[in-house]
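Data file: protein.pdb. Format and content: PDB, C-alpha atoms.
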```
ATOM      1  CA  MET A   1      19.101 -45.907  -8.591
ATOM      2  CA  PRO A   2      21.368 -42.976  -9.544
ATOM      3  CA  ASP A   3      24.749 -42.671  -7.888
ATOM      4  CA  LEU A   4      24.170 -39.928  -5.307
ATOM      5  CA  LYS A   5      27.861 -39.101  -5.066
ATOM      6  CA  PHE A   6      28.053 -38.713  -8.819
ATOM      7  CA  LEU A   7      24.986 -36.443  -8.862
ATOM      8  CA  ALA A   8      26.405 -34.347  -6.019
ATOM      9  CA  ALA A   9      29.728 -33.967  -7.831
ATOM     10  CA  LEU A  10      27.948 -33.034 -11.055
ATOM     11  CA  ALA A  11      25.872 -30.413  -9.257
ATOM     12  CA  ALA A  12      29.011 -28.972  -7.649
ATOM     13  CA  CYS A  13      30.726 -28.743 -11.038
ATOM     14  CA  MET A  14      27.708 -26.977 -12.524
ATOM     15  CA  LEU A  15      27.671 -24.477  -9.666
ATOM     16  CA  MET A  16      31.370 -23.820 -10.075
ATOM     17  CA  ALA A  17      30.961 -23.317 -13.811
ATOM     18  CA  SER A  18      28.074 -20.931 -13.222
ATOM     19  CA  ALA A  19      30.107 -18.971 -10.667
ATOM     20  CA  ALA A  20      33.046 -18.797 -13.068
ATOM     21  CA  ARG A  21      30.817 -17.347 -15.785
ATOM     22  CA  ALA A  22      29.423 -14.794 -13.353
ATOM     23  CA  GLU A  23      32.919 -13.709 -12.348
ATOM     24  CA  VAL A  24      34.137 -12.977 -15.885
ATOM     25  CA  PRO A  25      35.373  -9.369 -15.715
ATOM     26  CA  VAL A  26      33.444  -6.827 -17.775
ATOM     27  CA  MET A  27      34.687  -3.436 -16.537
ATOM     28  CA  LEU A  28      37.665  -2.233 -18.555
ATOM     29  CA  GLU A  29      39.001  -0.066 -15.718
ATOM     30  CA  GLU A  30      39.118  -3.051 -13.370
ATOM     31  CA  MET A  31      41.347  -5.143 -15.656
ATOM     32  CA  THR A  32      45.035  -5.022 -16.442
ATOM     33  CA  SER A  33      46.023  -4.502 -20.066
ATOM     34  CA  THR A  34      47.029  -8.164 -20.262
ATOM     35  CA  GLU A  35      43.701  -9.309 -18.863
ATOM     36  CA  LEU A  36      41.821  -7.140 -21.343
ATOM     37  CA  ARG A  37      43.857  -8.495 -24.249
ATOM     38  CA  ALA A  38      43.001 -12.025 -23.119
ATOM     39  CA  ARG A  39      39.304 -11.149 -23.033
ATOM     40  CA  ILE A  40      39.409  -9.679 -26.543
ATOM     41  CA  ASP A  41      41.368 -12.628 -27.886
ATOM     42  CA  GLY A  42      38.856 -14.904 -26.164
ATOM     43  CA  GLY A  43      35.921 -13.421 -28.086
ATOM     44  CA  ALA A  44      34.870 -10.237 -26.267
ATOM     45  CA  THR A  45      34.050  -8.346 -29.460
ATOM     46  CA  THR A  46      31.609  -5.782 -28.026
ATOM     47  CA  ALA A  47      32.605  -2.610 -26.169
ATOM     48  CA  ILE A  48      29.915  -0.558 -24.425
ATOM     49  CA  ILE A  49      30.545   3.134 -23.799
ATOM     50  CA  PRO A  50      28.160   4.279 -21.036
ATOM     51  CA  ILE A  51      27.328   7.977 -21.092
ATOM     52  CA  GLY A  52      26.099   9.714 -17.976
ATOM     53  CA  GLY A  53      26.383  13.368 -17.096
ATOM     54  CA  THR A  54      26.861  15.496 -14.013
ATOM     55  CA  GLU A  55      23.678  17.466 -13.453
ATOM     56  CA  GLN A  56      21.314  18.587 -10.742
ATOM     57  CA  SER A  57      18.313  16.444  -9.871
ATOM     58  CA  GLY A  58      16.812  18.578  -7.149
ATOM     59  CA  PRO A  59      17.376  18.295  -3.391
ATOM     60  CA  TYR A  60      16.923  14.540  -3.039
ATOM     61  CA  ILE A  61      18.983  12.882  -5.812
ATOM     62  CA  ALA A  62      22.766  13.229  -6.072
ATOM     63  CA  LEU A  63      24.536  14.939  -8.948
ATOM     64  CA  GLY A  64      26.149  11.716 -10.141
ATOM     65  CA  LYS A  65      22.813  10.014 -10.871
ATOM     66  CA  HIS A  66      23.374   9.478 -14.579
ATOM     67  CA  ASN A  67      27.001   8.390 -14.189
ATOM     68  CA  VAL A  68      26.282   5.740 -11.576
ATOM     69  CA  ARG A  69      23.117   4.492 -13.231
ATOM     70  CA  ALA A  70      24.710   4.189 -16.678
ATOM     71  CA  THR A  71      27.655   2.285 -15.197
ATOM     72  CA  VAL A  72      25.525  -0.136 -13.185
ATOM     73  CA  LEU A  73      23.197  -0.860 -16.087
ATOM     74  CA  ALA A  74      26.051  -1.214 -18.583
ATOM     75  CA  ARG A  75      27.648  -3.775 -16.271
ATOM     76  CA  MET A  76      24.393  -5.736 -16.093
ATOM     77  CA  ILE A  77      24.000  -5.625 -19.872
ATOM     78  CA  ALA A  78      27.595  -6.766 -20.456
ATOM     79  CA  GLN A  79      27.286  -9.609 -17.968
ATOM     80  CA  LYS A  80      24.148 -10.855 -19.663
ATOM     81  CA  LEU A  81      25.733 -10.612 -23.125
ATOM     82  CA  GLY A  82      28.809 -12.547 -22.017
ATOM     83  CA  ASN A  83      31.089 -11.192 -24.744
ATOM     84  CA  ALA A  84      31.129  -7.489 -23.846
ATOM     85  CA  VAL A  85      33.383  -5.076 -21.983
ATOM     86  CA  VAL A  86      32.306  -1.751 -20.455
ATOM     87  CA  ALA A  87      34.461   1.325 -21.041
ATOM     88  CA  PRO A  88      34.738   4.121 -18.436
ATOM     89  CA  VAL A  89      31.598   6.214 -18.097
ATOM     90  CA  VAL A  90      31.546   9.592 -19.858
ATOM     91  CA  SER A  91      30.582  12.016 -17.104
ATOM     92  CA  TYR A  92      31.143  15.352 -18.873
ATOM     93  CA  VAL A  93      28.323  16.057 -21.335
ATOM     94  CA  PRO A  94      26.524  19.038 -22.903
ATOM     95  CA  GLU A  95      24.124  20.606 -20.423
ATOM     96  CA  GLY A  96      23.534  23.959 -22.101
ATOM     97  CA  SER A  97      24.988  27.440 -21.900
ATOM     98  CA  ILE A  98      27.382  28.142 -19.059
ATOM     99  CA  THR A  99      27.380  31.946 -19.297
ATOM    100  CA  PRO A 100      24.638  32.957 -19.027
ATOM    101  CA  PRO A 101      23.545  29.686 -17.403
ATOM    102  CA  ALA A 102      20.682  27.830 -19.056
ATOM    103  CA  GLY A 103      18.682  24.755 -18.091
ATOM    104  CA  HIS A 104      20.357  22.611 -15.445
ATOM    105  CA  MET A 105      23.338  24.970 -15.373
ATOM    106  CA  LYS A 106      21.209  27.294 -13.249
ATOM    107  CA  PHE A 107      21.675  24.857 -10.356
ATOM    108  CA  ALA A 108      24.879  24.178  -8.420
ATOM    109  CA  GLY A 109      26.984  21.229  -9.501
ATOM    110  CA  THR A 110      25.882  20.799 -13.101
ATOM    111  CA  LEU A 111      28.854  20.534 -15.482
ATOM    112  CA  SER A 112      28.568  21.327 -19.176
ATOM    113  CA  ILE A 113      30.869  21.009 -22.188
ATOM    114  CA  PRO A 114      30.329  22.041 -25.838
ATOM    115  CA  GLU A 115      28.464  19.580 -28.033
ATOM    116  CA  THR A 116      31.344  19.384 -30.503
ATOM    117  CA  THR A 117      33.791  18.535 -27.704
ATOM    118  CA  PHE A 118      31.458  15.831 -26.436
ATOM    119  CA  GLU A 119      31.063  14.270 -29.868
ATOM    120  CA  ASP A 120      34.795  14.362 -30.526
ATOM    121  CA  LEU A 121      35.418  12.641 -27.191
ATOM    122  CA  LEU A 122      32.993   9.823 -28.027
ATOM    123  CA  PHE A 123      34.456   9.492 -31.523
ATOM    124  CA  SER A 124      37.991   9.141 -30.161
ATOM    125  CA  ALA A 125      36.876   6.654 -27.516
ATOM    126  CA  GLY A 126      35.251   4.543 -30.208
ATOM    127  CA  GLN A 127      38.349   4.718 -32.385
ATOM    128  CA  SER A 128      40.519   3.674 -29.446
ATOM    129  CA  LEU A 129      38.393   0.641 -28.690
ATOM    130  CA  ARG A 130      38.394  -0.452 -32.316
ATOM    131  CA  GLN A 131      42.183  -0.121 -32.408
ATOM    132  CA  HIS A 132      42.427  -2.641 -29.578
ATOM    133  CA  GLY A 133      40.320  -5.192 -31.409
ATOM    134  CA  PHE A 134      36.684  -4.549 -30.503
ATOM    135  CA  ARG A 135      34.360  -4.934 -33.470
ATOM    136  CA  HIS A 136      31.041  -3.720 -32.071
ATOM    137  CA  ILE A 137      31.091  -0.334 -30.347
ATOM    138  CA  VAL A 138      27.861   0.543 -28.542
ATOM    139  CA  LEU A 139      26.944   3.965 -27.142
ATOM    140  CA  ILE A 140      24.340   3.991 -24.363
ATOM    141  CA  GLY A 141      23.191   7.322 -22.960
ATOM    142  CA  ASP A 142      21.326   7.741 -19.680
ATOM    143  CA  HIS A 143      20.232  11.334 -20.394
ATOM    144  CA  GLY A 144      17.853  12.521 -23.092
ATOM    145  CA  GLY A 145      19.642  15.708 -24.058
ATOM    146  CA  TYR A 146      22.440  14.163 -26.111
ATOM    147  CA  GLN A 147      20.682  11.339 -27.952
ATOM    148  CA  LYS A 148      21.156  13.171 -31.283
ATOM    149  CA  SER A 149      24.883  13.431 -30.577
ATOM    150  CA  GLU A 150      25.076   9.677 -30.027
ATOM    151  CA  THR A 151      23.540   9.111 -33.435
ATOM    152  CA  ARG A 152      25.901  11.535 -35.153
ATOM    153  CA  VAL A 153      28.947   9.928 -33.535
ATOM    154  CA  ALA A 154      27.865   6.421 -34.537
ATOM    155  CA  GLN A 155      27.386   7.652 -38.087
ATOM    156  CA  ARG A 156      30.859   9.240 -38.088
ATOM    157  CA  LEU A 157      32.447   6.050 -36.814
ATOM    158  CA  ASN A 158      30.647   3.885 -39.342
ATOM    159  CA  LYS A 159      31.692   6.203 -42.139
ATOM    160  CA  ALA A 160      35.314   6.096 -40.966
ATOM    161  CA  TRP A 161      35.244   2.298 -40.756
ATOM    162  CA  GLY A 162      33.185   1.686 -43.869
ATOM    163  CA  LYS A 163      36.027   0.706 -46.182
ATOM    164  CA  ASP A 164      37.332  -2.305 -44.284
ATOM    165  CA  GLY A 165      34.019  -3.413 -42.773
ATOM    166  CA  LYS A 166      35.755  -4.838 -39.710
ATOM    167  CA  ALA A 167      33.903  -2.803 -37.113
ATOM    168  CA  GLY A 168      30.631  -0.997 -36.580
ATOM    169  CA  ALA A 169      29.100   1.452 -34.124
ATOM    170  CA  LEU A 170      25.595   1.555 -32.676
ATOM    171  CA  ALA A 171      23.855   4.442 -30.944
ATOM    172  CA  LEU A 172      21.588   2.373 -28.715
ATOM    173  CA  LEU A 173      18.749   4.863 -28.371
ATOM    174  CA  ALA A 174      16.404   2.092 -27.217
ATOM    175  CA  TYR A 175      18.285   2.055 -23.894
ATOM    176  CA  TYR A 176      16.824   5.486 -23.159
ATOM    177  CA  ASP A 177      13.593   5.301 -25.156
ATOM    178  CA  VAL A 178      12.298   2.302 -23.207
ATOM    179  CA  THR A 179      12.130   4.465 -20.079
ATOM    180  CA  GLN A 180      10.037   7.110 -21.839
ATOM    181  CA  GLU A 181       7.028   5.031 -22.892
ATOM    182  CA  PRO A 182       6.948   1.332 -21.853
ATOM    183  CA  TYR A 183       8.274   1.977 -18.348
ATOM    184  CA  ILE A 184       5.965   4.962 -17.877
ATOM    185  CA  ALA A 185       3.064   2.758 -18.961
ATOM    186  CA  ASP A 186       4.119   0.173 -16.361
ATOM    187  CA  LEU A 187       3.951   2.812 -13.647
ATOM    188  CA  GLU A 188       0.621   4.202 -14.833
ATOM    189  CA  LYS A 189      -0.885   0.700 -14.689
ATOM    190  CA  ARG A 190       0.062   0.686 -11.009
ATOM    191  CA  GLY A 191      -1.878   3.868 -10.342
ATOM    192  CA  TYR A 192       0.764   6.575 -10.639
ATOM    193  CA  SER A 193      -0.088   9.700 -12.604
ATOM    194  CA  LYS A 194       2.063  11.262 -15.328
ATOM    195  CA  ALA A 195       2.490  14.337 -13.125
ATOM    196  CA  GLU A 196       3.876  12.200 -10.293
ATOM    197  CA  ILE A 197       6.028  10.027 -12.573
ATOM    198  CA  GLY A 198       7.512  13.218 -13.947
ATOM    199  CA  LEU A 199      10.110  14.141 -16.552
ATOM    200  CA  HIS A 200      13.106  14.887 -14.317
ATOM    201  CA  ALA A 201      13.836  13.758 -10.743
ATOM    202  CA  GLY A 202      10.258  12.559 -10.326
ATOM    203  CA  LEU A 203       8.995   9.145  -9.277
ATOM    204  CA  ALA A 204      10.357   7.260 -12.307
ATOM    205  CA  ASP A 205      13.798   8.831 -12.024
ATOM    206  CA  ALA A 206      14.083   8.239  -8.286
ATOM    207  CA  ALA A 207      12.788   4.663  -8.551
ATOM    208  CA  LEU A 208      15.415   3.769 -11.164
ATOM    209  CA  MET A 209      18.070   5.269  -8.921
ATOM    210  CA  LEU A 210      16.853   3.356  -5.864
ATOM    211  CA  ALA A 211      17.055   0.146  -7.886
ATOM    212  CA  THR A 212      20.617   0.802  -9.074
ATOM    213  CA  ASP A 213      22.251   2.663  -6.165
ATOM    214  CA  LYS A 214      19.993   3.752  -3.332
ATOM    215  CA  SER A 215      22.819   5.705  -1.666
ATOM    216  CA  LEU A 216      22.330   8.478  -4.214
ATOM    217  CA  VAL A 217      18.749   9.109  -3.091
ATOM    218  CA  ARG A 218      18.170  11.040   0.137
ATOM    219  CA  SER A 219      15.273   8.815   1.114
ATOM    220  CA  GLU A 220      14.733  10.051   4.669
ATOM    221  CA  ALA A 221      14.702  13.692   3.610
ATOM    222  CA  LEU A 222      12.463  12.825   0.683
ATOM    223  CA  ALA A 223       9.942  11.130   2.975
ATOM    224  CA  ARG A 224       9.851  14.066   5.412
ATOM    225  CA  GLY A 225      10.281  17.030   3.106
ATOM    226  CA  PRO A 226       7.954  18.823   0.708
ATOM    227  CA  SER A 227       7.641  17.860  -2.931
ATOM    228  CA  PRO A 228      10.069  20.016  -4.959
ATOM    229  CA  THR A 229       8.858  22.149  -7.843
ATOM    230  CA  VAL A 230      10.216  23.312 -11.180
ATOM    231  CA  ASN A 231      11.901  26.131  -9.285
ATOM    232  CA  ASP A 232      13.901  23.456  -7.447
ATOM    233  CA  GLY A 233      14.902  21.797 -10.713
ATOM    234  CA  VAL A 234      12.352  18.987 -10.441
ATOM    235  CA  ARG A 235       9.474  17.943 -12.697
ATOM    236  CA  GLY A 236       7.546  15.220 -10.893
ATOM    237  CA  ASP A 237       7.001  13.887  -7.371
ATOM    238  CA  ALA A 238       9.415  11.227  -6.120
ATOM    239  CA  ARG A 239       8.006  10.732  -2.645
ATOM    240  CA  ARG A 240       6.344   7.371  -3.425
ATOM    241  CA  ALA A 241       9.309   5.996  -5.393
ATOM    242  CA  THR A 242      10.572   2.527  -4.417
ATOM    243  CA  ALA A 243      13.332   0.205  -5.563
ATOM    244  CA  GLU A 244      10.674  -2.341  -6.556
ATOM    245  CA  LEU A 245       9.179   0.138  -9.019
ATOM    246  CA  GLY A 246      12.659   0.912 -10.306
ATOM    247  CA  LYS A 247      13.365  -2.760 -10.971
ATOM    248  CA  LEU A 248      10.576  -2.748 -13.552
ATOM    249  CA  GLY A 249      12.508  -0.160 -15.536
ATOM    250  CA  VAL A 250      15.861  -1.823 -14.975
ATOM    251  CA  GLN A 251      14.524  -5.092 -16.367
ATOM    252  CA  ARG A 252      13.132  -3.350 -19.428
ATOM    253  CA  ILE A 253      16.398  -1.471 -20.054
ATOM    254  CA  VAL A 254      18.604  -4.537 -19.708
ATOM    255  CA  ASP A 255      16.415  -6.896 -21.739
ATOM    256  CA  THR A 256      15.851  -4.353 -24.520
ATOM    257  CA  SER A 257      19.531  -3.440 -24.686
ATOM    258  CA  VAL A 258      20.768  -7.038 -24.736
ATOM    259  CA  ALA A 259      18.370  -7.910 -27.550
ATOM    260  CA  ALA A 260      19.350  -4.850 -29.604
ATOM    261  CA  ILE A 261      23.103  -5.371 -29.124
ATOM    262  CA  SER A 262      22.821  -9.049 -30.026
ATOM    263  CA  GLU A 263      20.936  -8.103 -33.194
ATOM    264  CA  PHE A 264      23.549  -5.468 -34.013
ATOM    265  CA  ALA A 265      26.411  -7.915 -33.555
ATOM    266  CA  ALA A 266      24.690 -10.428 -35.809
ATOM    267  CA  HIS A 267      23.301  -8.188 -38.539
ATOM    268  CA  GLY A 268      24.686  -4.652 -38.184
ATOM    269  CA  ALA A 269      23.170  -1.433 -36.889
ATOM    270  CA  PRO A 270      19.462  -0.766 -37.590
ATOM    271  CA  SER A 271      18.173   2.618 -38.684
ATOM    272  CA  THR A 272      18.016   4.958 -35.698
ATOM    273  CA  SER A 273      15.416   7.318 -34.343
ATOM    274  CA  HIS A 274      15.292   9.462 -31.238
ATOM    275  CA  LYS A 275      12.811  11.091 -28.925
ATOM    276  CA  ASP A 276      13.458  14.572 -27.614
ATOM    277  CA  SER A 277      13.523  14.700 -23.829
ATOM    278  CA  LYS A 278      14.367  16.930 -20.918
TER     279      LYS A 278
END
```
When written as structure tokens, how does the structure in this file appear?
Amino acid sequence: MPDLKFLAALAACMLMASAARAEVPVMLEEMTSTELRARIDGGATTAIIPIGGTEQSGPYIALGKHNVRATVLARMIAQKLGNAVVAPVVSYVPEGSITPPAGHMKFAGTLSIPETTFEDLLFSAGQSLRQHGFRHIVLIGDHGGYQKSETRVAQRLNKAWGKDGKAGALALLAYYDVTQEPYIADLEKRGYSKAEIGLHAGLADAALMLATDKSLVRSEALARGPSPTVNDGVRGDARRATAELGKLGVQRIVDTSVAAISEFAAHGAPSTSHKDSK
């Protein structure tokens, strides 16, 4: 008969080891410089740069949607990878003409910067992370409008680093693309129409937000109020959105991203493609 005390002690050790793994820090901003150096020296070779954006999402979703969502998902991806650190989220992104205002800039709170400024910022962030010892720099963007910029920046970084071959950059477009087709298909299978799922601040958008940080969705007002229209900056109907529906997308994003980053770390960046989006 097995020694029950021994089995209990073994189980306790396994739980402690599991808890220790779960508590490994992944957010760069939450570490001291010394702690970060220890993580890099200990094998944290991947740095994820989450890209959000400050833009309107109608009357029921807060302006920081992309910033919060990109940060939460990047943390989940890094924790699952085990050897990754998450850089501060990039919250200033191109959103179109400021004067005269175009696109989301027509609504209060949207912040826009020139595309060249945005790309230079990402390039310098990538260079900084490489300087500190990271060897795999990954750009993940939560908004469709700057996917081409991500690709151009990754190409610039890889060209700059090509001679020594010690580091590489990946524009992880799959992070965004998986929400445009597979996740939409998941929702359609559950009876939601494309019009309801929407392209911006609709059911899919709100569900992902509820699953990552429900405080950014004005759920009570959404349940009582009318469905917004394009004139309100919304394309879709979020009134039936739930966190459970959002978790479907979160799972797809995390699993797809972890697989792609692992492949990148092992074999280098694949050829990239992008899908235009609102």
Interface rows for stretch 112-183 of chain A against stretch 103-106 of chain A: nearest pair, Å to one decimal, 12 Å, only C-alpha atoms, as a Markdown table:
```
| residue | atom | partner | partner_atom | distance |
| --- | --- | --- | --- | --- |
| A:Ser112 | CA | A:Met105 | CA | 7.4 |
| A:Ile113 | CA | A:Met105 | CA | 10.9 |
| A:Gly145 | CA | A:Gly103 | CA | 10.9 |
```
Using only C-alpha atoms, please write the residues we just selected to a file, as a PDB file, in the frame of the given file.
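Final output, saved to again-v8.pdb:
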```pdb
ATOM      1  CA  SER A 112      28.568  21.327 -19.176  1.00  0.00           C
ATOM      2  CA  ILE A 113      30.869  21.009 -22.188  1.00  0.00           C
ATOM      3  CA  GLY A 145      19.642  15.708 -24.058  1.00  0.00           C
TER       4      GLY A 145
END
```
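A search radius of 9 Å centred on (10.2, 3.0, -18.4), applied to only C-alpha atoms, returns the residues Tyr176, Asp177, Val178, Thr179, Gln180, Glu181, Pro182, Tyr183, Ile184, Ala185, Asp186, Leu187, Ala204, Leu208, Gly246, Leu248, Gly249, Val250, Arg252 and Ile253 of chain A.
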Show me, as number ranges by chain, the residues that have an atom within 7 Å of A:Ile48 when counting all atoms listed in the file, minus same-chain residues fewer than 3 positions from it.
A: 85-87, 137-139
Once you have the residues from the selection above, write them out as an mmCIF file, in the coordinates of the input, restricted to C-alpha atoms.
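Contents of part.cif, freshly written:
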```cif
data_model
loop_
_atom_site.group_PDB
_atom_site.id
_atom_site.type_symbol
_atom_site.label_atom_id
_atom_site.label_comp_id
_atom_site.auth_asym_id
_atom_site.auth_seq_id
_atom_site.Cartn_x
_atom_site.Cartn_y
_atom_site.Cartn_z
ATOM 1 C CA VAL A 85 33.383 -5.076 -21.983
ATOM 2 C CA VAL A 86 32.306 -1.751 -20.455
ATOM 3 C CA ALA A 87 34.461 1.325 -21.041
ATOM 4 C CA ILE A 137 31.091 -0.334 -30.347
ATOM 5 C CA VAL A 138 27.861 0.543 -28.542
ATOM 6 C CA LEU A 139 26.944 3.965 -27.142
#
```
Contacts of A:Gly109 at 7 Å or less, counting all atoms listed in the file, minus same-chain residues fewer than 5 places along, as number ranges by chain?
A: 55-56, 63
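In this structure, atom CA of A:Leu216 sits 22.6 Å away from atom CA of A:Tyr146.
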